[in-house]
file protein-v2.tsv (TSV, C-alpha atoms)
chain	number	residue	atom	x	y	z
A	15	MET	CA	0.00	0.00	0.00
A	16	SER	CA	1.29	3.50	-0.73
A	17	GLY	CA	1.83	5.89	2.15
A	18	LYS	CA	-1.24	7.90	1.11
A	19	VAL	CA	-3.92	8.34	3.76
A	20	CYS	CA	-7.24	7.92	2.05
A	21	SER	CA	-9.95	9.54	4.15
A	22	SER	CA	-12.90	7.19	4.25
A	23	ASN	CA	-15.00	10.17	3.23
A	24	SER	CA	-13.48	10.40	-0.26
A	25	VAL	CA	-13.79	6.64	-0.77
A	26	VAL	CA	-17.48	6.83	0.15
A	27	GLN	CA	-17.88	9.76	-2.22
A	28	ALA	CA	-16.04	7.93	-5.02
A	29	ARG	CA	-18.22	4.84	-4.53
A	30	ARG	CA	-21.36	7.01	-4.76
A	31	THR	CA	-20.08	8.60	-7.97
A	32	VAL	CA	-19.48	5.18	-9.54
A	33	GLU	CA	-22.93	3.92	-8.46
A	34	GLN	CA	-24.56	7.00	-9.95
A	35	LEU	CA	-22.64	6.60	-13.21
A	36	ARG	CA	-23.72	2.94	-13.38
A	37	VAL	CA	-27.38	4.03	-13.13
A	38	GLU	CA	-26.91	6.62	-15.87
A	39	ALA	CA	-24.93	4.28	-18.14
A	40	SER	CA	-27.72	1.68	-18.04
A	41	MET	CA	-30.29	3.98	-19.64
A	42	GLU	CA	-31.90	3.12	-22.98
A	43	ARG	CA	-31.53	6.09	-25.31
A	44	ILE	CA	-33.60	6.83	-28.40
A	45	LYS	CA	-32.27	8.37	-31.59
A	46	ILE	CA	-32.25	12.16	-31.83
A	47	SER	CA	-34.07	11.90	-35.18
A	48	THR	CA	-37.03	10.26	-33.40
A	49	ALA	CA	-36.91	12.49	-30.33
A	50	ALA	CA	-36.61	15.72	-32.32
A	51	ALA	CA	-39.40	14.71	-34.71
A	52	GLN	CA	-41.71	14.14	-31.73
A	53	LEU	CA	-40.87	17.54	-30.23
A	54	VAL	CA	-41.61	19.21	-33.57
A	55	GLN	CA	-44.89	17.32	-33.82
A	56	TYR	CA	-45.92	18.31	-30.27
A	57	CYS	CA	-45.17	21.96	-31.00
A	58	GLN	CA	-47.13	22.01	-34.21
A	59	GLU	CA	-50.13	20.18	-32.75
A	60	HIS	CA	-50.36	22.78	-29.97
A	61	SER	CA	-49.45	25.91	-31.93
A	62	ARG	CA	-53.03	26.77	-32.85
A	63	SER	CA	-53.97	26.93	-29.17
A	64	ASP	CA	-50.88	28.95	-28.15
A	65	PRO	CA	-52.19	32.52	-27.66
A	66	LEU	CA	-48.72	34.06	-27.82
A	67	LEU	CA	-48.25	32.57	-31.30
A	68	THR	CA	-51.72	33.16	-32.68
A	69	GLY	CA	-52.37	36.55	-31.13
A	70	ILE	CA	-55.15	37.57	-28.76
A	71	SER	CA	-58.10	39.72	-29.79
A	72	ALA	CA	-58.63	42.88	-27.74
A	73	SER	CA	-61.98	41.61	-26.46
A	74	SER	CA	-60.52	38.38	-25.11
A	75	ASN	CA	-57.34	39.90	-23.69
A	76	PRO	CA	-57.69	39.99	-19.89
A	77	PHE	CA	-54.61	42.21	-19.47
A	78	LYS	CA	-55.57	44.89	-21.96
A	79	ASP	CA	-57.04	47.98	-20.35
A	80	LYS	CA	-60.54	48.42	-21.68
A	81	LYS	CA	-60.98	51.98	-22.79
A	82	THR	CA	-64.41	53.29	-23.54
A	83	CYS	CA	-64.93	55.40	-26.65
A	84	VAL	CA	-66.43	58.82	-26.15
A	85	LEU	CA	-68.27	60.26	-29.09
A	86	LEU	CA	-67.82	63.99	-29.17
B	22	MET	CA	-4.10	-0.55	-6.95
B	23	GLY	CA	-5.69	1.26	-4.01
B	24	GLU	CA	-9.49	1.38	-3.88
B	25	MET	CA	-9.52	5.07	-4.91
B	26	ASP	CA	-7.57	4.24	-8.06
B	27	THR	CA	-9.89	1.35	-8.92
B	28	LEU	CA	-12.93	3.53	-8.40
B	29	LYS	CA	-11.48	6.35	-10.51
B	30	LYS	CA	-10.75	3.92	-13.33
B	31	GLU	CA	-14.28	2.55	-13.16
B	32	ALA	CA	-15.78	6.07	-13.12
B	33	ASP	CA	-13.73	7.09	-16.16
B	34	GLY	CA	-14.79	3.93	-17.96
B	35	LEU	CA	-18.47	4.57	-17.24
B	36	LYS	CA	-18.21	8.19	-18.39
B	37	ALA	CA	-16.67	7.02	-21.67
B	38	GLN	CA	-19.45	4.45	-22.01
B	39	ILE	CA	-22.14	7.11	-21.53
B	40	GLU	CA	-20.47	9.40	-24.04
B	41	ALA	CA	-20.29	6.61	-26.59
B	42	ALA	CA	-23.96	5.70	-26.04
B	43	ARG	CA	-24.98	9.34	-26.54
B	44	LYS	CA	-22.91	9.54	-29.72
B	45	ALA	CA	-24.50	6.37	-31.04
B	46	VAL	CA	-27.99	7.96	-31.08
B	47	ASN	CA	-26.74	11.33	-32.30
B	48	ASP	CA	-27.90	10.74	-35.88
B	49	THR	CA	-29.11	14.25	-36.72
B	50	THR	CA	-29.59	17.75	-35.33
B	51	MET	CA	-32.74	19.54	-34.24
B	52	ALA	CA	-31.86	22.22	-36.81
B	53	ALA	CA	-32.06	19.64	-39.58
B	54	VAL	CA	-35.31	18.14	-38.30
B	55	ALA	CA	-36.89	21.59	-37.87
B	56	SER	CA	-35.72	22.91	-41.24
B	57	GLY	CA	-39.03	21.95	-42.84
B	58	VAL	CA	-41.08	23.75	-40.20
B	59	ALA	CA	-42.49	27.16	-41.05
B	60	ALA	CA	-40.73	30.00	-39.25
B	61	ALA	CA	-42.42	31.25	-36.09
B	62	PRO	CA	-44.13	34.61	-36.65
B	63	ARG	CA	-42.06	37.66	-35.70
B	64	VAL	CA	-43.31	38.11	-32.14
B	65	GLN	CA	-44.23	41.66	-31.10
B	66	LEU	CA	-45.65	41.64	-27.63
B	67	LYS	CA	-46.86	44.81	-25.98
B	68	ASN	CA	-46.43	45.74	-22.35
B	69	ARG	CA	-50.07	45.58	-21.18
B	70	LYS	CA	-49.57	46.18	-17.47
B	71	THR	CA	-46.83	47.36	-15.16
B	72	LEU	CA	-47.29	46.22	-11.57
B	73	LYS	CA	-45.85	48.81	-9.21
B	74	GLY	CA	-45.53	48.30	-5.49
B	75	HIS	CA	-42.22	46.75	-4.58
B	76	LEU	CA	-39.56	49.11	-3.26
B	77	ALA	CA	-36.46	47.09	-4.07
B	78	LYS	CA	-35.14	44.39	-6.44
B	79	ILE	CA	-37.60	41.68	-7.38
B	80	TYR	CA	-36.08	38.21	-7.13
B	81	GLY	CA	-38.97	35.89	-7.93
B	82	LEU	CA	-42.47	35.58	-9.32
B	83	HIS	CA	-44.89	32.70	-9.73
B	84	TRP	CA	-48.30	32.61	-11.42
B	85	SER	CA	-51.26	31.04	-9.67
B	86	ALA	CA	-52.89	28.06	-11.35
B	87	ASP	CA	-55.96	30.32	-11.73
B	88	ASN	CA	-54.01	32.31	-14.39
B	89	ARG	CA	-54.99	35.57	-12.74
B	90	HIS	CA	-53.18	35.91	-9.43
B	91	MET	CA	-49.43	36.00	-8.97
B	92	VAL	CA	-46.97	36.13	-6.09
B	93	SER	CA	-43.77	38.19	-6.28
B	94	ALA	CA	-40.85	38.49	-3.85
B	95	SER	CA	-38.58	41.45	-3.31
B	96	GLN	CA	-35.65	42.30	-1.11
B	97	ASP	CA	-37.81	45.10	0.28
B	98	GLY	CA	-38.85	42.26	2.58
B	99	LYS	CA	-42.31	41.63	1.15
B	100	LEU	CA	-44.25	39.06	-0.78
B	101	LEU	CA	-47.00	40.71	-2.81
B	102	ILE	CA	-49.94	38.84	-4.24
B	103	TRP	CA	-51.45	40.54	-7.27
B	104	ASP	CA	-54.66	40.39	-9.22
B	105	THR	CA	-53.02	40.80	-12.61
B	106	TYR	CA	-56.28	41.60	-14.41
B	107	THR	CA	-56.78	44.78	-12.38
B	108	GLY	CA	-53.17	45.40	-11.32
B	109	ASN	CA	-54.29	45.52	-7.67
B	110	LYS	CA	-52.39	44.07	-4.75
B	111	VAL	CA	-54.51	41.53	-2.91
B	112	TYR	CA	-52.16	40.65	-0.03
B	113	ALA	CA	-48.86	41.98	1.29
B	114	ILE	CA	-46.92	39.54	3.44
B	115	PRO	CA	-43.99	40.90	5.44
B	116	LEU	CA	-41.00	38.55	5.56
B	117	LYS	CA	-38.90	37.89	8.65
B	118	SER	CA	-35.80	37.97	6.48
B	119	SER	CA	-35.65	40.40	3.58
B	120	TRP	CA	-32.93	38.40	1.79
B	121	VAL	CA	-35.45	36.51	-0.26
B	122	MET	CA	-34.38	34.67	-3.43
B	123	SER	CA	-37.54	32.93	-4.54
B	124	CYS	CA	-41.27	32.50	-4.06
B	125	SER	CA	-43.97	30.10	-5.22
B	126	MET	CA	-47.69	29.54	-4.94
B	127	ALA	CA	-49.44	26.21	-4.38
B	128	PRO	CA	-51.74	24.99	-7.19
B	129	SER	CA	-54.70	25.44	-4.82
B	130	GLY	CA	-53.87	29.13	-4.31
B	131	ASN	CA	-54.04	28.63	-0.53
B	132	LEU	CA	-50.32	28.70	0.27
B	133	VAL	CA	-47.24	30.67	-0.74
B	134	ALA	CA	-43.62	29.82	0.03
B	135	SER	CA	-40.52	31.97	0.11
B	136	GLY	CA	-36.92	31.74	1.22
B	137	GLY	CA	-33.40	32.94	0.60
B	138	LEU	CA	-30.26	33.70	2.59
B	139	ASP	CA	-31.99	32.70	5.82
B	140	ASN	CA	-31.61	29.07	4.60
B	141	MET	CA	-35.28	28.51	5.40
B	142	CYS	CA	-38.44	28.07	3.40
B	143	THR	CA	-41.39	29.84	5.03
B	144	VAL	CA	-44.86	28.65	4.04
B	145	VAL	CA	-47.77	31.03	4.59
B	146	ASN	CA	-51.50	30.34	4.40
B	147	ILE	CA	-52.91	33.34	2.56
B	148	LYS	CA	-56.51	32.21	2.80
B	149	ALA	CA	-56.59	32.28	6.60
B	150	ALA	CA	-58.41	35.25	8.22
B	151	SER	CA	-55.12	37.10	7.98
B	152	PRO	CA	-52.07	35.57	6.28
B	153	LYS	CA	-50.55	33.15	8.78
B	154	THR	CA	-47.21	31.34	8.77
B	155	LEU	CA	-47.96	27.65	8.45
B	156	ARG	CA	-44.41	26.22	8.53
B	157	GLU	CA	-40.80	27.29	8.72
B	158	LEU	CA	-38.85	24.56	6.92
B	159	ASP	CA	-35.45	24.67	8.49
B	160	ALA	CA	-32.93	22.00	7.55
B	161	HIS	CA	-31.01	23.21	4.53
B	162	GLU	CA	-27.43	24.19	5.27
B	163	GLY	CA	-27.30	26.78	2.54
B	164	TYR	CA	-29.49	29.45	0.97
B	165	LEU	CA	-32.87	28.61	-0.47
B	166	SER	CA	-32.71	29.34	-4.20
B	167	HIS	CA	-36.02	27.89	-5.43
B	168	SER	CA	-39.20	26.14	-4.34
B	169	ARG	CA	-42.25	24.57	-5.98
B	170	PHE	CA	-45.40	23.09	-4.40
B	171	LEU	CA	-46.62	19.67	-5.54
B	172	SER	CA	-49.79	20.20	-3.47
B	173	ASP	CA	-50.84	21.79	-0.17
B	174	THR	CA	-48.95	19.01	1.64
B	175	GLU	CA	-45.73	18.64	-0.34
B	176	LEU	CA	-43.08	21.14	-1.41
B	177	LEU	CA	-39.78	20.79	-3.30
B	178	THR	CA	-36.85	23.09	-2.51
B	179	ALA	CA	-33.44	23.71	-4.10
B	180	SER	CA	-30.55	24.98	-1.98
B	181	GLY	CA	-27.06	26.44	-2.04
B	182	ASP	CA	-26.07	23.45	0.11
B	183	THR	CA	-26.09	21.44	-3.22
B	184	THR	CA	-29.16	19.40	-2.32
B	185	CYS	CA	-32.84	19.53	-3.18
B	186	CYS	CA	-35.49	18.35	-0.79
B	187	LEU	CA	-39.11	17.18	-0.67
B	188	TRP	CA	-40.90	18.40	2.46
B	189	ASP	CA	-44.00	17.09	4.18
B	190	LEU	CA	-45.92	20.25	5.06
B	191	GLU	CA	-48.12	18.44	7.58
B	192	THR	CA	-45.11	17.61	9.77
B	193	GLY	CA	-42.61	20.20	8.58
B	194	LYS	CA	-40.05	17.41	8.07
B	195	GLN	CA	-37.90	16.38	5.12
B	196	LYS	CA	-39.33	13.39	3.26
B	197	VAL	CA	-36.70	12.89	0.55
B	198	ILE	CA	-33.27	14.47	0.06
B	199	TYR	CA	-31.84	14.62	-3.46
B	200	LYS	CA	-28.06	14.47	-3.32
B	201	SER	CA	-25.76	14.38	-6.32
B	202	HIS	CA	-24.92	17.93	-7.41
B	203	VAL	CA	-21.47	19.22	-6.48
B	204	GLY	CA	-22.39	22.88	-6.74
B	205	ASP	CA	-25.14	25.14	-5.35
B	206	CYS	CA	-28.57	24.17	-6.70
B	207	MET	CA	-30.05	27.27	-8.29
B	208	CYS	CA	-33.38	26.20	-9.82
B	209	LEU	CA	-35.86	23.38	-10.22
B	210	ALA	CA	-38.88	22.51	-12.37
B	211	VAL	CA	-41.49	19.78	-11.93
B	212	SER	CA	-42.47	17.52	-14.84
B	213	PRO	CA	-46.05	17.82	-16.14
B	214	ASP	CA	-46.84	14.33	-14.78
B	215	GLN	CA	-45.33	15.20	-11.37
B	216	ASN	CA	-43.27	11.99	-11.23
B	217	THR	CA	-39.92	13.68	-11.80
B	218	PHE	CA	-38.27	17.04	-11.42
B	219	ILE	CA	-35.19	18.65	-12.91
B	220	SER	CA	-32.61	20.79	-11.10
B	221	GLY	CA	-29.91	23.16	-12.36
B	222	ALA	CA	-26.76	23.94	-10.38
B	223	CYS	CA	-23.50	25.88	-10.20
B	224	ASP	CA	-21.68	22.70	-11.20
B	225	SER	CA	-22.95	23.45	-14.76
B	226	THR	CA	-25.13	20.33	-14.85
B	227	ALA	CA	-28.86	19.70	-14.85
B	228	LYS	CA	-30.15	16.54	-13.18
B	229	LEU	CA	-33.40	14.63	-13.56
B	230	TRP	CA	-34.73	13.08	-10.33
B	231	ASP	CA	-37.38	10.53	-9.43
B	232	ILE	CA	-39.49	12.49	-6.93
B	233	ARG	CA	-40.54	9.46	-4.88
B	234	ASP	CA	-37.34	7.40	-4.56
B	235	GLY	CA	-34.87	10.31	-4.57
B	236	GLY	CA	-32.69	8.77	-7.27
B	237	CYS	CA	-30.90	10.86	-9.88
B	238	LYS	CA	-31.87	9.29	-13.21
B	239	GLN	CA	-29.94	11.45	-15.67
B	240	THR	CA	-27.27	14.16	-15.71
B	241	PHE	CA	-27.05	16.70	-18.53
B	242	ILE	CA	-23.73	18.34	-19.29
B	243	GLY	CA	-22.59	20.97	-21.79
B	244	HIS	CA	-22.97	24.28	-20.01
B	245	THR	CA	-19.74	25.94	-18.94
B	246	SER	CA	-21.10	27.94	-16.03
B	247	ASP	CA	-23.87	28.08	-13.42
B	248	ILE	CA	-27.33	27.04	-14.58
B	249	ASN	CA	-29.65	29.73	-13.18
B	250	ALA	CA	-32.94	28.75	-14.78
B	251	ILE	CA	-34.67	25.60	-15.92
B	252	ALA	CA	-38.06	24.69	-17.39
B	253	PHE	CA	-39.79	21.59	-18.72
B	254	TYR	CA	-40.98	21.58	-22.29
B	255	PRO	CA	-44.80	21.19	-22.07
B	256	SER	CA	-44.53	17.70	-23.64
B	257	GLY	CA	-42.49	16.61	-20.60
B	258	THR	CA	-39.86	15.06	-22.90
B	259	ALA	CA	-37.31	17.89	-22.96
B	260	VAL	CA	-35.95	20.61	-20.70
B	261	ILE	CA	-34.62	24.09	-21.38
B	262	THR	CA	-31.77	25.48	-19.28
B	263	GLY	CA	-30.39	29.03	-19.00
B	264	SER	CA	-26.87	29.74	-17.79
B	265	ASP	CA	-24.28	32.33	-16.79
B	266	ASP	CA	-22.40	31.12	-19.90
B	267	CYS	CA	-24.90	33.35	-21.82
B	268	THR	CA	-26.58	30.42	-23.59
B	269	LEU	CA	-29.72	28.35	-23.26
B	270	LYS	CA	-29.82	24.68	-24.16
B	271	MET	CA	-32.54	22.17	-24.91
B	272	TYR	CA	-31.86	18.66	-23.59
B	273	ASP	CA	-34.06	15.81	-24.80
B	274	LEU	CA	-34.73	13.40	-21.94
B	275	ARG	CA	-34.99	10.25	-24.05
B	276	ALA	CA	-31.93	10.93	-26.23
B	277	ASP	CA	-30.17	11.95	-22.99
B	278	GLN	CA	-28.30	14.90	-24.53
B	279	GLU	CA	-28.34	18.43	-25.80
B	280	VAL	CA	-30.37	18.72	-29.00
B	281	ASN	CA	-30.45	22.51	-29.47
B	282	GLY	CA	-28.54	25.58	-28.32
B	283	TYR	CA	-29.64	29.22	-28.18
B	284	GLN	CA	-26.83	31.73	-28.35
B	285	ASP	CA	-25.72	34.83	-30.13
B	286	ALA	CA	-22.14	36.06	-30.47
B	287	ALA	CA	-23.38	39.55	-29.67
B	288	LEU	CA	-24.94	38.42	-26.41
B	289	ASN	CA	-22.58	38.42	-23.50
B	290	ALA	CA	-25.01	38.57	-20.63
B	291	GLY	CA	-25.91	35.63	-18.41
B	292	VAL	CA	-29.39	34.10	-18.55
B	293	THR	CA	-31.26	34.60	-15.28
B	294	SER	CA	-34.69	33.14	-15.98
B	295	VAL	CA	-36.64	31.11	-18.52
B	296	SER	CA	-40.25	30.30	-19.35
B	297	LEU	CA	-42.05	28.76	-22.35
B	298	SER	CA	-45.21	29.60	-24.25
B	299	SER	CA	-47.98	26.99	-23.95
B	300	SER	CA	-46.99	25.03	-27.10
B	301	GLY	CA	-43.30	25.19	-26.24
B	302	ARG	CA	-42.51	27.00	-29.49
B	303	LEU	CA	-41.42	30.24	-27.82
B	304	ILE	CA	-38.75	30.49	-25.14
B	305	PHE	CA	-38.75	33.66	-23.04
B	306	ALA	CA	-35.33	34.21	-21.49
B	307	GLY	CA	-34.38	37.01	-19.10
B	308	TYR	CA	-30.81	38.25	-19.19
B	309	ASP	CA	-28.46	40.34	-17.04
B	310	ASN	CA	-28.51	43.02	-19.76
B	311	PHE	CA	-32.04	44.17	-18.77
B	312	ASN	CA	-33.77	42.49	-21.72
B	313	CYS	CA	-35.81	39.41	-22.31
B	314	ASN	CA	-35.10	37.65	-25.61
B	315	ILE	CA	-37.69	35.48	-27.31
B	316	TRP	CA	-36.32	32.38	-29.07
B	317	ASP	CA	-37.93	29.96	-31.51
B	318	SER	CA	-37.31	26.71	-29.60
B	319	LEU	CA	-37.23	24.59	-32.77
B	320	LYS	CA	-35.16	26.74	-35.14
B	321	ALA	CA	-33.00	28.37	-32.44
B	322	GLU	CA	-33.56	31.84	-33.91
B	323	LYS	CA	-34.27	35.00	-31.97
B	324	VAL	CA	-37.80	36.10	-32.90
B	325	GLY	CA	-38.40	39.01	-30.57
B	326	VAL	CA	-37.34	41.01	-27.57
B	327	LEU	CA	-39.13	42.45	-24.54
B	328	SER	CA	-37.45	45.65	-23.55
B	329	GLY	CA	-38.66	48.08	-20.98
B	330	HIS	CA	-36.93	47.23	-17.74
B	331	ASP	CA	-34.22	49.50	-16.35
B	332	ASN	CA	-32.32	46.74	-14.65
B	333	ARG	CA	-31.69	42.98	-14.79
B	334	VAL	CA	-34.70	40.76	-15.58
B	335	SER	CA	-34.52	38.31	-12.66
B	336	CYS	CA	-37.64	36.21	-13.16
B	337	ILE	CA	-40.17	35.30	-15.85
B	338	GLY	CA	-43.36	33.30	-15.94
B	339	VAL	CA	-46.11	32.30	-18.34
B	340	PRO	CA	-49.46	31.33	-16.76
B	341	ASP	CA	-50.92	27.88	-17.50
B	342	ASP	CA	-53.42	29.29	-20.01
B	343	GLY	CA	-50.55	30.86	-21.98
B	344	LEU	CA	-52.31	34.22	-22.28
B	345	GLY	CA	-49.27	36.34	-21.50
B	346	VAL	CA	-45.79	36.49	-20.06
B	347	CYS	CA	-44.71	38.36	-16.93
B	348	THR	CA	-41.19	39.69	-16.35
B	349	GLY	CA	-39.86	40.74	-12.94
B	350	SER	CA	-36.83	42.94	-12.54
B	351	TRP	CA	-34.28	44.46	-10.21
B	352	ASP	CA	-35.90	47.77	-11.22
B	353	SER	CA	-38.71	46.76	-8.79
B	354	PHE	CA	-41.41	46.42	-11.46
B	355	LEU	CA	-43.32	43.50	-12.92
B	356	LYS	CA	-44.48	43.82	-16.50
B	357	ILE	CA	-47.11	41.75	-18.27
B	358	TRP	CA	-46.83	41.33	-22.03
B	359	ASN	CA	-48.93	39.79	-24.76
call {"tool": "encode", "arguments": {"input": "protein-v2.tsv", "output": "structure tokens"}}
result
Amino acid sequence: MSGKVCSSNSVVQARRTVEQLRVEASMERIKISTAAAQLVQYCQEHSRSDPLLTGISASSNPFKDKKTCVLL
Amino acid sequence: MGEMDTLKKEADGLKAQIEAARKAVNDTTMAAVASGVAAAPRVQLKNRKTLKGHLAKIYGLHWSADNRHMVSASQDGKLLIWDTYTGNKVYAIPLKSSWVMSCSMAPSGNLVASGGLDNMCTVVNIKAASPKTLRELDAHEGYLSHSRFLSDTELLTASGDTTCCLWDLETGKQKVIYKSHVGDCMCLAVSPDQNTFISGACDSTAKLWDIRDGGCKQTFIGHTSDINAIAFYPSGTAVITGSDDCTLKMYDLRADQEVNGYQDAALNAGVTSVSLSSSGRLIFAGYDNFNCNIWDSLKAEKVGVLSGHDNRVSCIGVPDDGLGVCTGSWDSFLKIWN
């Protein structure tokens, strides 16, 4: 054994790191082509109901101050 | 070989394995896949309301699930709850510690939480006869950077002590502690199905966690500085991160890697906050340079800007119905745009 003093703390930490990496390495990954296509599809399916994309009419805009017209 | 050497060798081997597995599915880019998509319209949002009332820097805001009320936190030592349709303040809650860094509202609208350099998360019942402190959650060993309610009985927190935590609000005790980050946790976001959450930290990584068993399922790398802001894509299959490295990134959860990046050579301000429009197409990102840039999430192009604040944009939020976006700033104002 070398003369190094290994604090048990760093060994515990190193073991945890290896365990975590094992969990992450075991994941099943899907191809980016599939994943990206699904994100694009989701976006497009929901774009018509996205008010910030489609615009909001003045009458259905809850944040717009309603000003009354005065006829002079 | 000593045990440390063996472990280091194994860790290096696993990292190489993960990198190879990510490379193996890296068969195209989001840019290529999105090239056939029509460009997002040039987005010109108007400032519809300016909420005035805070007397110092605003550090956090969170919309109510009712799409109308909102809580904001300022280092003037107050939480303000607003009716955003009228611009009126509904409640003002004085904080014991003015060094607040975040606030959140429960989906029910009954509770708000806040915390910061006091290392605590204080939960207040705003529907009681007068706002009443329900719990002081006191176990983190570092500042409270972020919190989100799962319900009136469960709350997630992120802390400068590098951990996140799930609290039982009925007992005030920690239920689950999420340990894996090696830098201050700065932000968190809950998945639409509430089974997982994602955290961003000063170690430049984002991590996906199983809420119930506390396990870290995935780690996303690529940023070169603190991740200050994080949000789930509404599909629940991707996350957007914003960092002090002046970029935002989209990570796909199932491909386990970065699939898009949002940056501009002219931009050299850190990203402080991020929120998405209801379809996920638009990313609203607040920066240190007082602006909020609007990005097309698919094509990674800037499609608009929200300018009007006189200081850093520190927080952003889009309500669940997607009818607007609110920016909060160190200039003490909140602005609503649509």
call {"tool": "residues_around", "arguments": {"input": "protein-v2.tsv", "residues": "Lys78 of chain A", "least_positions_apart": "6", "cutoff": "8 Å", "atoms": "only C-alpha atoms", "output": "list in words"}}
result
Ala72 of chain A; Arg69 and Lys70 of chain B
call {"tool": "interface_residues", "arguments": {"input": "protein-v2.tsv", "of": "chain B", "to": "chain A", "cutoff": "6 Å", "atoms": "all atoms listed in the file", "output": "CSV table (one decimal) with C-alpha atoms, in the frame of the given file"}}
result
chain,number,residue,atom,x,y,z
B,32,ALA,CA,-15.8,6.1,-13.1
B,39,ILE,CA,-22.1,7.1,-21.5
B,46,VAL,CA,-28.0,8.0,-31.1
B,47,ASN,CA,-26.7,11.3,-32.3
B,49,THR,CA,-29.1,14.2,-36.7
B,51,MET,CA,-32.7,19.5,-34.2
B,69,ARG,CA,-50.1,45.6,-21.2
B,106,TYR,CA,-56.3,41.6,-14.4
B,239,GLN,CA,-29.9,11.4,-15.7
B,275,ARG,CA,-35.0,10.2,-24.0
B,276,ALA,CA,-31.9,10.9,-26.2
B,299,SER,CA,-48.0,27.0,-24.0
B,300,SER,CA,-47.0,25.0,-27.1
B,302,ARG,CA,-42.5,27.0,-29.5
B,344,LEU,CA,-52.3,34.2,-22.3
call {"tool": "closest_residue", "arguments": {"input": "protein-v2.tsv", "among": "B:Cys124, B:Gln215, B:Leu327, B:Ala227", "to": "Gly81 of chain B", "atoms": "all atoms listed in the file"}}
result
B:Cys124
call {"tool": "axis_aligned_box", "arguments": {"input": "protein-v2.tsv", "around": "segment 43-49 of chain A", "padding_each_side": "4 Å", "output": "lines of an AutoDock Vina configuration file"}}
result
center_x = -34.3
center_y = 9.3
center_z = -30.2
size_x = 13.5
size_y = 14.4
size_z = 17.9
call {"tool": "atom_distance", "arguments": {"input": "protein-v2.tsv", "atom1": "atom CA of Asn216 of chain B", "atom2": "atom CA of Ile261 of chain B"}}
result
18.0 Å
call {"tool": "residues_near_point", "arguments": {"input": "protein-v2.tsv", "point": "(-26.9, 21.6, 3.3)", "cutoff": "8 Å", "atoms": "only C-alpha atoms", "output": "PDB file with C-alpha atoms, keeping the file's coordinate frame"}}
result
ATOM      1  CA  ALA B 160     -32.930  22.000   7.550  1.00  0.00           C
ATOM      2  CA  HIS B 161     -31.010  23.210   4.530  1.00  0.00           C
ATOM      3  CA  GLU B 162     -27.430  24.190   5.270  1.00  0.00           C
ATOM      4  CA  GLY B 163     -27.300  26.780   2.540  1.00  0.00           C
ATOM      5  CA  SER B 180     -30.550  24.980  -1.980  1.00  0.00           C
ATOM      6  CA  GLY B 181     -27.060  26.440  -2.040  1.00  0.00           C
ATOM      7  CA  ASP B 182     -26.070  23.450   0.110  1.00  0.00           C
ATOM      8  CA  THR B 183     -26.090  21.440  -3.220  1.00  0.00           C
ATOM      9  CA  THR B 184     -29.160  19.400  -2.320  1.00  0.00           C
TER      10      THR B 184
END
call {"tool": "residues_around", "arguments": {"input": "protein-v2.tsv", "residues": "Leu269 of chain B", "least_positions_apart": "5", "cutoff": "6 Å", "atoms": "all atoms listed in the file", "output": "compact mmCIF listing (two decimals) with C-alpha atoms, in the frame of the given file"}}
result
# COMPACT_ATOMS: atom_id res chain seq x y z
CA THR B 262 -31.77 25.48 -19.28
CA GLY B 263 -30.39 29.03 -19.00
CA GLY B 282 -28.54 25.58 -28.32
CA TYR B 283 -29.64 29.22 -28.18
call {"tool": "atom_distance", "arguments": {"input": "protein-v2.tsv", "atom1": "atom CA of Ile248 of chain B", "atom2": "atom CA of Cys336 of chain B"}}
result
13.9 Å
call {"tool": "closest_residue", "arguments": {"input": "protein-v2.tsv", "among": "B:Leu82, B:Asn249, B:Val280, B:Pro255", "to": "Asp309 of chain B", "atoms": "only C-alpha atoms"}}
result
B:Asn249
call {"tool": "closest_residue", "arguments": {"input": "protein-v2.tsv", "among": "B:Ile147, B:Ala252, B:Leu138, B:Ala290", "to": "Asp266 of chain B", "atoms": "only C-alpha atoms"}}
result
B:Ala290
call {"tool": "residues_around", "arguments": {"input": "protein-v2.tsv", "residues": "Gly221 of chain B", "least_positions_apart": "4", "cutoff": "10 Å", "atoms": "only C-alpha atoms", "output": "list of chain:residue names"}}
result
B:Ala179, B:His202, B:Gly204, B:Asp205, B:Cys206, B:Met207, B:Cys208, B:Leu209, B:Ala210, B:Ser225, B:Thr226, B:Ala227, B:Lys228, B:Leu229, B:Thr240, B:Phe241, B:Asp247, B:Ile248, B:Asn249, B:Ala250, B:Ile251, B:Ala252, B:Thr262, B:Gly263, B:Ser264
call {"tool": "atom_distance", "arguments": {"input": "protein-v2.tsv", "atom1": "atom CA of Met141 of chain B", "atom2": "atom CA of Thr348 of chain B"}}
result
25.2 Å
call {"tool": "decode", "arguments": {"input": "protein-v2.tsv", "residues": "segment 96-100 of chain B", "atoms": "N, CA and C atoms", "output": "tab-separated table (two decimals), in the first residue's frame"}}
result
chain	number	residue	atom	x	y	z
B	96	GLN	N	-36.52	42.09	-2.25
B	96	GLN	CA	-35.65	42.30	-1.11
B	96	GLN	C	-36.04	43.55	-0.32
B	97	ASP	N	-37.24	44.09	-0.63
B	97	ASP	CA	-37.81	45.10	0.28
B	97	ASP	C	-38.47	44.38	1.45
B	98	GLY	N	-38.34	43.03	1.45
B	98	GLY	CA	-38.85	42.26	2.58
B	98	GLY	C	-40.32	41.92	2.50
B	99	LYS	N	-40.89	41.95	1.29
B	99	LYS	CA	-42.31	41.63	1.15
B	99	LYS	C	-42.57	40.61	0.05
B	100	LEU	N	-43.65	39.83	0.30
B	100	LEU	CA	-44.25	39.06	-0.78
B	100	LEU	C	-45.52	39.83	-1.13
